[in-house]
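Asker: My file is my_file-v2.cif. It has mmCIF, C-alpha atoms:
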data_input
loop_
_atom_site.label_atom_id
_atom_site.label_comp_id
_atom_site.auth_asym_id
_atom_site.auth_seq_id
_atom_site.Cartn_x
_atom_site.Cartn_y
_atom_site.Cartn_z
CA MET A 1 -25.42 119.71 -153.25
CA SER A 2 -28.75 118.78 -154.85
CA GLU A 3 -30.66 115.64 -153.91
CA ALA A 4 -30.03 114.23 -157.39
CA VAL A 5 -26.28 114.74 -157.17
CA ALA A 6 -26.22 113.28 -153.67
CA ALA A 7 -28.15 110.22 -154.85
CA THR A 8 -25.76 109.68 -157.76
CA ARG A 9 -22.74 110.01 -155.52
CA ARG A 10 -24.12 107.74 -152.86
CA SER A 11 -25.29 105.14 -155.35
CA ARG A 12 -21.69 103.96 -155.56
CA ILE A 13 -22.04 102.30 -152.14
CA THR A 14 -24.67 99.83 -151.02
CA PRO A 15 -27.54 100.93 -148.72
CA GLU A 16 -26.23 98.53 -146.04
CA ARG A 17 -22.78 100.08 -146.18
CA GLU A 18 -24.31 103.55 -146.11
CA ALA A 19 -26.38 102.68 -143.00
CA GLU A 20 -23.27 101.26 -141.31
CA LEU A 21 -21.39 104.46 -142.06
CA TYR A 22 -24.15 106.68 -140.67
CA GLU A 23 -24.31 104.60 -137.48
CA ALA A 24 -20.56 105.03 -137.05
CA VAL A 25 -20.87 108.80 -137.53
CA LEU A 26 -23.68 109.03 -134.96
CA GLY A 27 -21.61 106.94 -132.54
CA LEU A 28 -18.62 109.25 -132.92
CA LEU A 29 -20.85 112.30 -132.62
CA ARG A 30 -22.18 111.02 -129.28
CA GLU A 31 -18.67 110.25 -128.06
CA VAL A 32 -16.74 113.36 -129.04
CA GLY A 33 -19.25 115.97 -130.31
CA TYR A 34 -19.31 117.75 -133.65
CA ASP A 35 -16.32 120.05 -133.20
CA THR A 36 -13.94 117.26 -132.22
CA LEU A 37 -15.22 114.78 -134.80
CA THR A 38 -12.83 114.44 -137.76
CA MET A 39 -13.15 112.82 -141.16
CA ASP A 40 -9.98 110.89 -140.21
CA ALA A 41 -11.82 109.34 -137.27
CA VAL A 42 -14.82 108.45 -139.46
CA ALA A 43 -12.51 106.92 -142.07
CA ALA A 44 -10.65 104.91 -139.42
CA ARG A 45 -13.75 103.61 -137.70
CA THR A 46 -15.52 102.67 -140.92
CA ARG A 47 -12.37 101.43 -142.71
CA SER A 48 -13.01 103.72 -145.63
CA SER A 49 -10.74 106.24 -147.32
CA LYS A 50 -11.17 109.92 -146.62
CA ALA A 51 -11.30 110.46 -150.40
CA THR A 52 -14.36 108.22 -150.60
CA LEU A 53 -16.07 110.11 -147.77
CA TYR A 54 -15.43 113.49 -149.37
CA ARG A 55 -16.49 112.22 -152.80
CA GLN A 56 -19.73 110.76 -151.47
CA TRP A 57 -20.79 113.52 -149.06
CA GLY A 58 -18.76 116.59 -149.86
CA GLY A 59 -17.68 117.28 -146.27
CA LYS A 60 -18.12 116.70 -142.56
CA ALA A 61 -21.20 118.93 -142.21
CA GLN A 62 -23.11 117.15 -144.99
CA LEU A 63 -22.09 113.71 -143.74
CA VAL A 64 -23.22 114.49 -140.18
CA VAL A 65 -26.57 115.91 -141.31
CA GLN A 66 -27.25 112.90 -143.54
CA ALA A 67 -26.39 110.64 -140.60
CA LEU A 68 -28.84 112.55 -138.38
CA ARG A 69 -31.52 112.23 -141.04
CA HIS A 70 -30.83 108.52 -141.33
CA GLY A 71 -31.04 108.19 -137.52
CA LYS A 72 -34.67 109.28 -137.45
CA ARG A 73 -37.17 106.43 -137.18
CA GLY A 74 -39.64 106.87 -139.99
CA HIS A 75 -40.70 110.13 -141.54
CA VAL A 76 -43.68 112.30 -140.80
CA GLU A 77 -44.97 112.19 -144.40
CA ASP A 78 -45.23 108.38 -144.28
CA ILE A 79 -47.68 108.56 -141.36
CA ASP A 80 -51.30 108.55 -142.46
CA THR A 81 -53.69 107.46 -139.71
CA GLY A 82 -56.76 109.29 -141.04
CA SER A 83 -56.72 112.18 -138.54
CA LEU A 84 -54.26 114.95 -137.70
CA ARG A 85 -54.29 114.04 -134.03
CA GLY A 86 -53.57 110.41 -134.93
CA ASP A 87 -50.72 111.45 -137.23
CA LEU A 88 -49.01 113.70 -134.66
CA HIS A 89 -49.42 111.17 -131.84
CA ALA A 90 -48.02 108.46 -134.14
CA LEU A 91 -45.06 110.71 -134.93
CA VAL A 92 -44.00 111.05 -131.29
CA ALA A 93 -44.61 107.32 -130.77
CA LEU A 94 -42.03 106.38 -133.43
CA GLU A 95 -39.27 106.46 -130.84
CA ASP A 96 -39.34 105.10 -127.30
CA ASP A 97 -38.43 107.54 -124.50
CA CYS A 98 -34.88 106.22 -124.22
CA THR A 99 -34.17 106.73 -127.93
CA MET A 100 -35.86 110.13 -127.82
CA GLU A 101 -33.64 111.23 -124.93
CA ARG A 102 -30.52 110.05 -126.79
CA ASN A 103 -31.57 111.85 -129.95
CA SER A 104 -32.53 114.96 -128.01
CA ALA A 105 -29.03 115.10 -126.48
CA LEU A 106 -27.51 114.56 -129.92
CA MET A 107 -29.63 117.33 -131.46
CA ARG A 108 -28.74 119.74 -128.65
CA GLY A 109 -25.06 119.09 -129.31
CA VAL A 110 -25.48 119.68 -133.04
CA ALA A 111 -27.63 122.79 -132.44
CA MET A 112 -24.83 124.14 -130.25
CA ALA A 113 -22.21 123.46 -132.92
CA MET A 114 -24.38 125.17 -135.55
CA HIS A 115 -23.84 128.53 -133.85
CA HIS A 116 -20.20 128.67 -134.91
CA ASN A 117 -20.20 126.38 -137.98
CA ASP A 118 -21.83 128.07 -140.95
CA ASP A 119 -21.49 125.00 -143.20
CA LEU A 120 -23.22 122.81 -140.60
CA ARG A 121 -26.03 125.34 -140.23
CA GLN A 122 -26.46 125.46 -144.01
CA ALA A 123 -26.46 121.68 -144.41
CA PHE A 124 -28.89 121.34 -141.49
CA ARG A 125 -31.30 123.79 -143.08
CA GLU A 126 -31.01 122.52 -146.64
CA GLN A 127 -30.97 118.77 -145.97
CA LEU A 128 -32.91 118.31 -142.75
CA ILE A 129 -35.24 121.21 -142.02
CA ALA A 130 -36.34 121.58 -145.65
CA HIS A 131 -37.23 117.89 -145.63
CA GLU A 132 -39.18 118.20 -142.36
CA VAL A 133 -41.03 121.26 -143.64
CA GLY A 134 -42.05 119.28 -146.72
CA GLY A 135 -43.16 116.31 -144.61
CA PHE A 136 -45.30 118.42 -142.29
CA ARG A 137 -46.76 120.21 -145.29
CA GLN A 138 -48.09 116.86 -146.56
CA VAL A 139 -49.56 115.94 -143.18
CA VAL A 140 -51.23 119.36 -142.89
CA GLN A 141 -52.50 119.20 -146.50
CA ARG A 142 -54.22 115.89 -145.80
CA ALA A 143 -55.86 117.44 -142.72
CA VAL A 144 -56.99 120.40 -144.83
CA ASP A 145 -58.36 118.01 -147.47
CA ARG A 146 -60.31 116.13 -144.77
CA GLY A 147 -61.75 119.45 -143.58
CA GLU A 148 -59.97 119.29 -140.22
CA ILE A 149 -57.95 122.48 -140.70
CA ARG A 150 -59.08 125.64 -142.49
CA PRO A 151 -56.69 126.25 -145.40
CA ASP A 152 -56.11 129.85 -144.25
CA CYS A 153 -55.34 128.92 -140.62
CA PRO A 154 -52.35 131.14 -139.65
CA ALA A 155 -50.85 128.44 -137.37
CA ILE A 156 -50.05 126.29 -140.45
CA ASP A 157 -47.01 128.47 -141.11
CA PHE A 158 -45.71 127.74 -137.61
CA MET A 159 -46.19 123.96 -137.66
CA LEU A 160 -42.49 123.15 -137.33
CA HIS A 161 -41.89 125.97 -134.81
CA MET A 162 -44.61 124.51 -132.60
CA MET A 163 -43.37 120.92 -132.84
CA VAL A 164 -39.66 121.70 -132.43
CA GLY A 165 -40.49 124.29 -129.75
CA GLY A 166 -42.14 121.70 -127.51
CA PHE A 167 -39.26 119.31 -127.99
CA ALA A 168 -36.53 121.90 -127.39
CA THR A 169 -38.02 123.84 -124.46
CA ARG A 170 -38.78 120.75 -122.38
CA THR A 171 -35.11 120.31 -121.47
CA LEU A 172 -34.36 124.02 -121.21
CA LEU A 173 -37.33 124.94 -118.99
CA ASP A 174 -38.05 121.77 -117.06
CA ASP A 175 -34.60 120.12 -117.09
CA GLN A 176 -36.31 116.91 -118.20
CA PRO A 177 -35.98 115.03 -121.47
CA PRO A 178 -38.90 115.26 -123.89
CA THR A 179 -40.93 112.09 -123.39
CA ARG A 180 -43.77 110.66 -125.43
CA ALA A 181 -46.21 111.55 -122.59
CA PHE A 182 -45.02 115.16 -122.48
CA LEU A 183 -45.13 115.63 -126.27
CA THR A 184 -48.57 114.01 -126.53
CA SER A 185 -49.95 116.42 -123.88
CA TYR A 186 -48.26 119.33 -125.60
CA ILE A 187 -49.73 118.37 -128.99
CA ASP A 188 -53.22 118.13 -127.48
CA ALA A 189 -52.90 121.35 -125.45
CA VAL A 190 -51.04 123.58 -127.91
CA VAL A 191 -50.58 122.31 -131.48
CA LEU A 192 -54.08 121.03 -132.23
CA PRO A 193 -55.98 123.95 -130.61
CA ALA A 194 -53.72 126.45 -132.42
CA LEU A 195 -54.70 124.74 -135.68
CA GLY A 196 -58.36 124.88 -134.67
CA VAL A 197 -58.55 121.07 -134.30
CA SER A 198 -60.30 119.58 -131.29
CA ALA A 199 -57.97 117.48 -129.12
CA ILE A 200 -60.76 115.16 -128.00
CA MET B 1 -30.01 131.02 -102.36
CA SER B 2 -33.37 132.50 -101.38
CA GLU B 3 -34.53 135.89 -102.63
CA ALA B 4 -34.40 137.22 -99.07
CA VAL B 5 -30.81 136.11 -98.55
CA ALA B 6 -29.83 137.50 -101.95
CA ALA B 7 -31.47 140.82 -101.11
CA THR B 8 -29.65 141.02 -97.78
CA ARG B 9 -26.34 140.21 -99.41
CA ARG B 10 -26.81 142.64 -102.23
CA SER B 11 -28.10 145.39 -99.95
CA ARG B 12 -24.46 146.09 -99.04
CA ILE B 13 -23.91 147.72 -102.44
CA THR B 14 -25.94 150.51 -104.02
CA PRO B 15 -28.42 149.76 -106.84
CA GLU B 16 -26.32 151.93 -109.18
CA ARG B 17 -23.20 149.95 -108.39
CA GLU B 18 -25.13 146.70 -108.80
CA ALA B 19 -26.42 147.79 -112.23
CA GLU B 20 -22.89 148.78 -113.27
CA LEU B 21 -21.62 145.36 -112.23
CA TYR B 22 -24.32 143.51 -114.14
CA GLU B 23 -23.59 145.56 -117.26
CA ALA B 24 -19.93 144.64 -116.97
CA VAL B 25 -20.80 140.94 -116.60
CA LEU B 26 -23.07 141.04 -119.69
CA GLY B 27 -20.32 142.80 -121.63
CA LEU B 28 -17.77 140.14 -120.70
CA LEU B 29 -20.28 137.40 -121.47
CA ARG B 30 -20.75 138.80 -124.99
CA GLU B 31 -17.01 139.09 -125.50
CA VAL B 32 -15.73 135.77 -124.20
CA GLY B 33 -18.74 133.53 -123.47
CA TYR B 34 -19.68 131.81 -120.22
CA ASP B 35 -16.98 129.15 -120.12
CA THR B 36 -14.12 131.59 -120.59
CA LEU B 37 -15.55 134.24 -118.25
CA THR B 38 -13.75 134.32 -114.89
CA MET B 39 -14.52 136.00 -111.60
CA ASP B 40 -11.01 137.49 -111.88
CA ALA B 41 -12.02 139.23 -115.11
CA VAL B 42 -15.25 140.52 -113.54
CA ALA B 43 -13.30 141.76 -110.51
CA ALA B 44 -10.72 143.49 -112.73
CA ARG B 45 -13.25 145.16 -115.00
CA THR B 46 -15.45 146.36 -112.16
CA ARG B 47 -12.59 147.22 -109.79
CA SER B 48 -14.06 145.06 -107.08
CA SER B 49 -12.51 142.29 -105.02
CA LYS B 50 -13.27 138.68 -105.81
CA ALA B 51 -14.18 138.20 -102.15
CA THR B 52 -16.92 140.82 -102.53
CA LEU B 53 -18.28 139.14 -105.65
CA TYR B 54 -18.41 135.74 -104.01
CA ARG B 55 -19.94 137.17 -100.83
CA GLN B 56 -22.65 139.03 -102.75
CA TRP B 57 -23.56 136.40 -105.34
CA GLY B 58 -22.13 133.08 -104.23
CA GLY B 59 -20.48 132.24 -107.54
CA LYS B 60 -20.13 132.81 -111.25
CA ALA B 61 -23.33 130.99 -112.22
CA GLN B 62 -25.49 133.03 -109.83
CA LEU B 63 -23.82 136.31 -110.82
CA VAL B 64 -24.32 135.63 -114.54
CA VAL B 65 -27.99 134.66 -114.10
CA GLN B 66 -28.69 137.77 -112.01
CA ALA B 67 -27.00 139.85 -114.70
CA LEU B 68 -29.21 138.25 -117.37
CA ARG B 69 -32.27 138.95 -115.27
CA HIS B 70 -31.18 142.54 -114.81
CA GLY B 71 -30.60 142.84 -118.57
CA LYS B 72 -34.25 142.24 -119.39
CA ARG B 73 -36.26 145.36 -120.10
CA GLY B 74 -39.26 145.30 -117.81
CA HIS B 75 -41.02 142.24 -116.53
CA VAL B 76 -44.06 140.46 -117.84
CA GLU B 77 -45.97 140.76 -114.57
CA ASP B 78 -45.74 144.56 -114.68
CA ILE B 79 -47.57 144.68 -118.02
CA ASP B 80 -51.32 145.18 -117.63
CA THR B 81 -52.97 146.54 -120.77
CA GLY B 82 -56.44 145.13 -120.08
CA SER B 83 -56.30 142.22 -122.56
CA LEU B 84 -54.11 139.15 -122.93
CA ARG B 85 -53.31 140.02 -126.54
CA GLY B 86 -52.33 143.53 -125.49
CA ASP B 87 -50.13 142.17 -122.67
CA LEU B 88 -48.26 139.69 -124.90
CA HIS B 89 -47.78 142.21 -127.70
CA ALA B 90 -46.51 144.75 -125.16
CA LEU B 91 -44.09 142.12 -123.83
CA VAL B 92 -42.40 141.62 -127.21
CA ALA B 93 -42.41 145.38 -127.79
CA LEU B 94 -40.30 146.01 -124.67
CA GLU B 95 -37.12 145.54 -126.69
CA ASP B 96 -36.32 146.85 -130.16
CA ASP B 97 -35.21 144.28 -132.75
CA CYS B 98 -31.54 145.11 -132.35
CA THR B 99 -31.62 144.58 -128.57
CA MET B 100 -33.69 141.43 -129.05
CA GLU B 101 -31.10 140.03 -131.46
CA ARG B 102 -28.28 140.81 -129.04
CA ASN B 103 -30.15 139.21 -126.15
CA SER B 104 -31.10 136.22 -128.28
CA ALA B 105 -27.42 135.60 -129.11
CA LEU B 106 -26.53 135.98 -125.44
CA MET B 107 -29.24 133.54 -124.37
CA ARG B 108 -28.15 130.99 -126.99
CA GLY B 109 -24.61 131.17 -125.63
CA VAL B 110 -25.80 130.69 -122.05
CA ALA B 111 -28.18 127.86 -123.09
CA MET B 112 -25.21 126.13 -124.72
CA ALA B 113 -23.08 126.51 -121.59
CA MET B 114 -25.94 125.13 -119.46
CA HIS B 115 -25.51 121.70 -121.06
CA HIS B 116 -22.20 121.12 -119.32
CA ASN B 117 -22.50 123.42 -116.28
CA ASP B 118 -24.87 122.00 -113.70
CA ASP B 119 -24.57 125.02 -111.39
CA LEU B 120 -25.47 127.38 -114.24
CA ARG B 121 -28.46 125.23 -115.18
CA GLN B 122 -29.63 125.21 -111.55
CA ALA B 123 -29.22 128.98 -111.12
CA PHE B 124 -30.97 129.59 -114.44
CA ARG B 125 -33.94 127.48 -113.38
CA GLU B 126 -34.18 128.77 -109.82
CA GLN B 127 -33.53 132.45 -110.41
CA LEU B 128 -34.73 133.13 -113.94
CA ILE B 129 -37.23 130.53 -115.14
CA ALA B 130 -39.05 130.36 -111.79
CA HIS B 131 -39.44 134.13 -111.94
CA GLU B 132 -40.75 134.04 -115.53
CA VAL B 133 -43.19 131.26 -114.65
CA GLY B 134 -44.51 133.40 -111.79
CA GLY B 135 -44.79 136.45 -114.06
CA PHE B 136 -46.70 134.61 -116.77
CA ARG B 137 -48.95 133.07 -114.11
CA GLN B 138 -50.03 136.57 -113.09
CA VAL B 139 -50.70 137.64 -116.68
CA VAL B 140 -52.72 134.46 -117.32
CA GLN B 141 -54.62 134.81 -114.03
CA ARG B 142 -55.72 138.32 -115.00
CA ALA B 143 -56.93 136.95 -118.36
CA VAL B 144 -58.83 134.18 -116.54
CA ASP B 145 -60.36 136.76 -114.18
CA ARG B 146 -61.47 138.86 -117.17
CA GLY B 147 -63.09 135.76 -118.66
CA GLU B 148 -60.69 135.63 -121.63
CA ILE B 149 -59.23 132.21 -120.80
CA ARG B 150 -61.09 129.26 -119.29
CA PRO B 151 -59.41 128.37 -115.97
CA ASP B 152 -59.10 124.71 -117.04
CA CYS B 153 -57.51 125.48 -120.44
CA PRO B 154 -54.70 122.89 -120.86
CA ALA B 155 -52.46 125.34 -122.77
CA ILE B 156 -52.01 127.40 -119.58
CA ASP B 157 -49.45 124.84 -118.37
CA PHE B 158 -47.42 125.36 -121.56
CA MET B 159 -47.42 129.17 -121.54
CA LEU B 160 -43.64 129.50 -121.14
CA HIS B 161 -42.95 126.59 -123.55
CA MET B 162 -44.97 128.37 -126.21
CA MET B 163 -43.35 131.76 -125.69
CA VAL B 164 -39.77 130.50 -125.40
CA GLY B 165 -40.38 128.00 -128.22
CA GLY B 166 -41.24 130.76 -130.70
CA PHE B 167 -38.21 132.76 -129.64
CA ALA B 168 -35.77 129.83 -129.75
CA THR B 169 -36.92 128.07 -132.93
CA ARG B 170 -36.86 131.21 -135.08
CA THR B 171 -33.06 131.16 -135.26
CA LEU B 172 -32.77 127.37 -135.42
CA LEU B 173 -35.34 126.82 -138.17
CA ASP B 174 -35.25 130.03 -140.17
CA ASP B 175 -31.71 131.22 -139.48
CA GLN B 176 -33.16 134.63 -138.65
CA PRO B 177 -33.23 136.49 -135.37
CA PRO B 178 -36.57 136.68 -133.55
CA THR B 179 -38.01 140.08 -134.39
CA ARG B 180 -41.00 141.89 -132.92
CA ALA B 181 -42.93 141.29 -136.18
CA PHE B 182 -42.23 137.55 -136.11
CA LEU B 183 -43.12 137.15 -132.43
CA THR B 184 -46.30 139.20 -132.80
CA SER B 185 -47.47 136.97 -135.69
CA TYR B 186 -46.51 133.87 -133.71
CA ILE B 187 -48.47 135.07 -130.66
CA ASP B 188 -51.55 135.75 -132.82
CA ALA B 189 -51.29 132.48 -134.78
CA VAL B 190 -50.22 130.06 -132.03
CA VAL B 191 -50.27 131.30 -128.43
CA LEU B 192 -53.66 133.04 -128.35
CA PRO B 193 -55.59 130.36 -130.34
CA ALA B 194 -54.05 127.62 -128.17
CA LEU B 195 -55.40 129.49 -125.12
CA GLY B 196 -58.80 129.83 -126.81
CA VAL B 197 -58.42 133.60 -127.19
CA SER B 198 -59.34 135.27 -130.46
CA ALA B 199 -56.38 137.01 -132.12
CA ILE B 200 -58.57 139.67 -133.74
#
Once you've parsed the file, please lay out its structure as structure tokens.

Answerer:
Amino acid sequence: MSEAVAATRRSRITPEREAELYEAVLGLLREVGYDTLTMDAVAARTRSSKATLYRQWGGKAQLVVQALRHGKRGHVEDIDTGSLRGDLHALVALEDDCTMERNSALMRGVAMAMHHNDDLRQAFREQLIAHEVGGFRQVVQRAVDRGEIRPDCPAIDFMLHMMVGGFATRTLLDDQPPTRAFLTSYIDAVVLPALGVSAI
Amino acid sequence: MSEAVAATRRSRITPEREAELYEAVLGLLREVGYDTLTMDAVAARTRSSKATLYRQWGGKAQLVVQALRHGKRGHVEDIDTGSLRGDLHALVALEDDCTMERNSALMRGVAMAMHHNDDLRQAFREQLIAHEVGGFRQVVQRAVDRGEIRPDCPAIDFMLHMMVGGFATRTLLDDQPPTRAFLTSYIDAVVLPALGVSAI
């Protein structure tokens, strides 16, 4: 489903109603997980018809991914502090540690479900990762324009791998949620030096 | 369970028999996944008694983690090519792409199961991650001794996060298995520059 089609479909409901719906989906996702979540449950909780949900979003996978995207506080491309270090630090400061832990648990659950749900994996890539890639590309381009990063720096291609890698491995390796303090240290120790940017 | 205790317990069976058992556990793990795998099934497939399995390993989580550890080709600390770049490249060359894809799928399954199995998470951390941390510490120490890495380089603390991050995010972000070519590029673009080591 293209962005334009999605926008047309969703334009039939108000932004407030859309936000309410996404919150309900995220709530259900936290309670029962992706595999157990049904469009019936979403319809019941939000007092909407299943037909409306399918017409607006196309299916459960697309609805869940849009809800996840909605659940993010701010977007990387909107951050423009004047330095790459400032931008990346501001990005991890968008959420407090409690929210970050909740979202990290949610993302782990969805990442797990992606392994056996091809439509979820596709929606996640097309609607969420593609958007993040575009956002980081803007942040990096501004840093290149300021002369902070060399345009041919090979680490540019791994920007999202580095950022998501720090976030994802914190729980796996250290059994601790990713906190703002951890991610800030990781950005200074790994991401910026890999891009050839001084962390001081 | 300490290494010494584990060694004493396992010394009652031959290394060949132990290897055979681990192979059987990995096979079952691939077929049915961690949650569905039972000690009964392991006992049946390996023609051993459940009492023996419990006496030797303590439980399913410990047995599975030891099998995973056994399934790895070679260990990072045994690699000593004379340069950090050589060591890390040799590490990802230990397995061909097909084996790496199989092991990546296996690890994803186990990582998923870790979210709701505390004993598996504990065994994974104590028996596998602690060992990897120790192995990478040796590789890094040799690079420090050779003057390749500054001893106070902050990225040293994130060595395993960087390596596991590249491996884990490849599937999540690109929907492709981690290959030797990908990991080699990632090491040259991210890991070595973060450690202040030239990738050329």

Asker: Can you spell out as a list of chain:residue names the set of residues that the PyMOL selection byres ((chain A) within 8 of (chain B)) selects in the structure I just provided?

Answerer: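 With the PyMOL selection byres ((chain A) within 8 of (chain B)) on this model, the match is A:Ala111, A:Met112, A:Arg125, A:Ile129, A:Cys153, A:Pro154, A:Ala155, A:Phe158, A:His161, A:Met162, A:Val164, A:Gly165, A:Gly166, A:Ala168, A:Thr169, A:Arg170, A:Leu172, A:Leu173, A:Asp174, A:Tyr186, A:Ala189, A:Val190, A:Val191, A:Leu192, A:Pro193, A:Ala194, A:Leu195, A:Gly196.
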
Asker: At what distance in Å, to one decimal, does CA of Leu183 (chain B) lie from CA of Arg85 (chain A)?

Answerer: 25.7 Å

Asker: Which centre and which edge lengths, in Å to one decimal, describe the axis-aligned box that holds all listed atoms of region 88-101 of chain A after 3 Å is added on each side, as AutoDock Vina command-line options?

Answerer:
--center_x -41.5 --center_y 109.4 --center_z -129.6 --size_x 21.8 --size_y 14.6 --size_z 16.7

Asker: Let me know the residues the PyMOL selection byres ((chain B and resi 78-82) around 12) catches in the file above, as a VMD selection string.

Answerer: chain B and resid 73 to 77 83 to 94 132 134 to 148

Asker: Env of region 46-49 of chain B: 9 Å cut, atoms = all atoms listed in the file, seq-sep filter 6 positions within chain, self excluded. Answer as a compact mmCIF listing (two decimals) with C-alpha atoms, in the coordinates of the input.

Answerer:
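Result saved to result_9.txt:
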# COMPACT_ATOMS: atom_id res chain seq x y z
CA GLU B 20 -22.89 148.78 -113.27
CA LEU B 21 -21.62 145.36 -112.23
CA ALA B 24 -19.93 144.64 -116.97
CA VAL B 25 -20.80 140.94 -116.60
CA ASP B 40 -11.01 137.49 -111.88

Asker: Got a sec to resolve the PyMOL selection byres ((chain A and resi 34) around 8) on this structure and send the residues as an MDAnalysis selection string?

Answerer: chainID A and resid 29 32:33 35:37 109:110 113

Asker: Those selected residues, please, written with C-alpha atoms and delivered as a JSON list (two decimals), in the coordinates of the input.

Answerer:
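So the final result, stored in out.json, reads:
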[["chain", "number", "residue", "atom", "x", "y", "z"],
["A", 29, "LEU", "CA", -20.85, 112.30, -132.62],
["A", 32, "VAL", "CA", -16.74, 113.36, -129.04],
["A", 33, "GLY", "CA", -19.25, 115.97, -130.31],
["A", 35, "ASP", "CA", -16.32, 120.05, -133.20],
["A", 36, "THR", "CA", -13.94, 117.26, -132.22],
["A", 37, "LEU", "CA", -15.22, 114.78, -134.80],
["A", 109, "GLY", "CA", -25.06, 119.09, -129.31],
["A", 110, "VAL", "CA", -25.48, 119.68, -133.04],
["A", 113, "ALA", "CA", -22.21, 123.46, -132.92]]

Asker: Expressed in Å to a single decimal, how great is the separation between CA of Arg150 (chain B) and CA of Phe182 (chain B)?

Answerer: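 One can read the CA of Arg150 (chain B) to CA of Phe182 (chain B) distance as 26.6 Å.
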
Asker: Just how far from CA of Arg69 (chain B) is CA of Thr184 (chain B), in Å to one decimal?

Answerer: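 Distance between the two atoms: 22.5 Å.
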